[in-house]
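To start, the structure under review is shown below, and the notes come after it.
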Amino acid sequence: MREFWVASGHHLTRRADHGGLIATPELIMAYLARPELMPPEDACEAERNLHAGLLADPLRSVSKADIAALADPDARENWTFMMNFRDRLVAAPSLEAVYVNIARNGAGDLPPIFVSQLCHLILRNALEGCDDPYMLRAAELFYRSQQAAFHEGTLLLADAEIVEAQQQAEHDLHASPLTAMLAPPKAFGEMDVMDDENAWTYWSRSDAHAMVMNIGGNAKARAGLCRVIERWIAHLLDVTVSVETVPSIEDRDWRWFVGLDSEGTKIGNALWNGTSVDANAAERIVALMRLTIADTRLVDERVGSKPVYLILAMGADKVVRLKPQNLVAGLPLAPKANVA
């Protein structure tokens with residue numbers, strides 16, 4: 001079986017009989033190694049002792065007094081977040097249960113990076129055994145922002161963080177404005193656009209996030225996103241759905257939509273309410289999909305057998321910030337639906 005996304009830390013968890021992931025001391029230790037929690041050179045003795053004690057026993061009890069004893073207010077805030085997060089992970093029956101609770105009830109003061117990392121872990125579990133690199137590349141949208149660009153009339157998506165780093169390196173290389181101006185334009189520098197000839201290379205660099213997704217011009221890329229959404233919902237909610245991309249909403253009596261990001265929600269609300277959207281709204285839509293829930297008994301009676309439309313869009317900065325929690329909290333499931 002091919003390995004991928006080692007950086008997710010899935011090997012530091014334990015898969016329970018119910019299929020969900022269980023937090024382990026090793027997983028907590030990985031969080032303790034994060035830069036935000038590593039005591040700086042000028043850290044007080046209390047902070048150093050707290051960190052050392054947790055490295056020795058990641059599940060040891062930490063009191064409010066222990067954190068209050070830290071001299072640095074930023075350290076107190078970081079450790080409060082981390083200990084609350086650790087306690088939630090350890091107490092829950094699975095990491096998936098924690099995520100579903102966050103999706104439905106809000107993350108509260110939990111930093112977004114923790115939610116994103118949790119998504120990364122759970123998605124790695126949900127995609128265990130996947131042998132389709134197009135699916136795996138599409139799945140990166142769930143936990144990493146994407147920079148959009150049109151190249152030769154086709155919409156491409158590249159990892160926003162990688163693009164930013166690449167642009168900075170390019171800027172440093174071409175310090176002269178004239179040199180930069182004369183450089184040949186490239187959509188995403190030297191990054192490879194995934195196609196049938198190079199897709200196999202994804203396995204060796206899945207943690208590099210260095211392959212461009214041709215969502216506008218490659219049907220396999222769009223299908224990959226649909227398959228990931230199906231797998232995500234089945235894994236977290238135990239609900240079977242089918243998803244396909246569509247060019248437009250032709251149904252005049254459409255009943256429900258889920259915005260997969262804030263911009264998609266904004267566009268969907270405008271369409272739903274019959275209000276005007278700006279002239280560029282259509283250009284900002286990255287993917288429009290139709291979702292059908294297999295068992296109509298699980299669907300809210302207001303929707304019935306009608307499909308659910310999914311709208312994914314880019315912001316004004318041409319960055320796509322997919323919110324996978326919307327697929328958990330936003331589906332029109334009947335109250336009696338037996339989901340996690």
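The way I read the labels, and the way they are meant: chains A, B, ... in the order of the structure tokens, residue 1 as the first residue of every chain, and ligand 1 as the first ligand shown, with later ones counted on from there.
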Open item on the list: Which residues are close to stretch 207-213 of chain A, i.e. within 9 Å by only C-alpha atoms, leaving aside same-chain residues fewer than 3 positions away? Reply as a list in words.
Closed with: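 Using only C-alpha atoms, the neighbours found are Phe4, Trp5, Val6, Ala7, Ser8, Tyr134, Arg137, Ala138, Glu140, Leu155, Leu156, Leu157, Ala158, Asp159, Ile162, Val163, Phe188, Met191, Asp192, Val193, Met194, Asp195, Ala199, Tyr202, Trp203, Ser204, Gly216, Asn218 and Ala221 of chain A.
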Open item on the list: Between atom CA of A:Ala313 and atom CA of A:Arg284, what is the distance in Å, rounded to a tenth?
Closed with: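 Those two atoms sit 5.3 Å apart.
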- [ ] as JSON, numbers by chain, list the residues of stretch 80-178 of chain A assigned to strand (DSSP E or B) by DSSP on the backbone atoms of this structure.
- [x] {"A": [146, 147, 148, 149, 150, 151, 154, 155, 156, 157, 158, 159]}
Please identify all polymer residues within 7 Å of stretch 69-75 of chain A, counting only C-alpha atoms, omitting same-chain residues fewer than 5 positions from it, and present them as a compact mmCIF listing (two decimals) with C-alpha atoms, in the first residue's frame.
# COMPACT_ATOMS: atom_id res chain seq x y z
CA CYS A 44 10.87 31.54 32.50
CA ALA A 46 8.01 27.64 35.02
CA GLU A 47 7.51 27.43 31.25
Task: Interatomic distance (Å, one decimal) between atom CA of A:Gly259 and atom CA of A:Ile311 - done: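 The value is 4.9 Å.
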TODO: Go through stretch 49-298 of chain A and collect every residue that DSSP, computed from the backbone, puts in helix (DSSP H, G or I); the answer should be as a PyMOL selection string.
DONE: chain A and resi 49-56+64-68+73-91+95-105+112-126+133-142+160-173+177-182+199-205+219-237+262-273+281-284+296-298
Open item on the list: Show me, as a list in words, the residues that have an atom within 6 Å of A:Leu310 when counting only C-alpha atoms, minus same-chain residues fewer than 3 positions from it.
Closed with: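 The filter keeps Phe257, Val258, Gly259, Leu288 and Met289 of chain A.
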Residues from last step as file, C-alpha atoms, as an mmCIF file, in the first residue's frame:
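Heads up, here's the output in out-v7.cif:
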data_model
loop_
_atom_site.group_PDB
_atom_site.id
_atom_site.type_symbol
_atom_site.label_atom_id
_atom_site.label_comp_id
_atom_site.auth_asym_id
_atom_site.auth_seq_id
_atom_site.Cartn_x
_atom_site.Cartn_y
_atom_site.Cartn_z
ATOM 1 C CA PHE A 257 -27.119 24.670 -1.230
ATOM 2 C CA VAL A 258 -23.914 24.529 0.798
ATOM 3 C CA GLY A 259 -21.268 27.167 0.341
ATOM 4 C CA LEU A 288 -20.298 24.010 -8.884
ATOM 5 C CA MET A 289 -21.425 20.544 -7.857
#
- [ ] May I ask which of the residues A:Leu123, A:Ile215, A:Ala103, A:Val62 is the closest one to A:Glu230, counting only C-alpha atoms?
- [x] A:Leu123
Task: Which residue of A:Ile113, A:Val228, A:Met1, A:Ala16 approaches A:Gly129 most closely, using only C-alpha atoms - done: A:Met1
- [ ] Between atom CA of A:Glu36 and atom CA of A:Tyr99, measure the distance and give it in Å to one decimal.
- [x]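 About the pair atom CA of A:Glu36 and atom CA of A:Tyr99: they are 22.1 Å apart.
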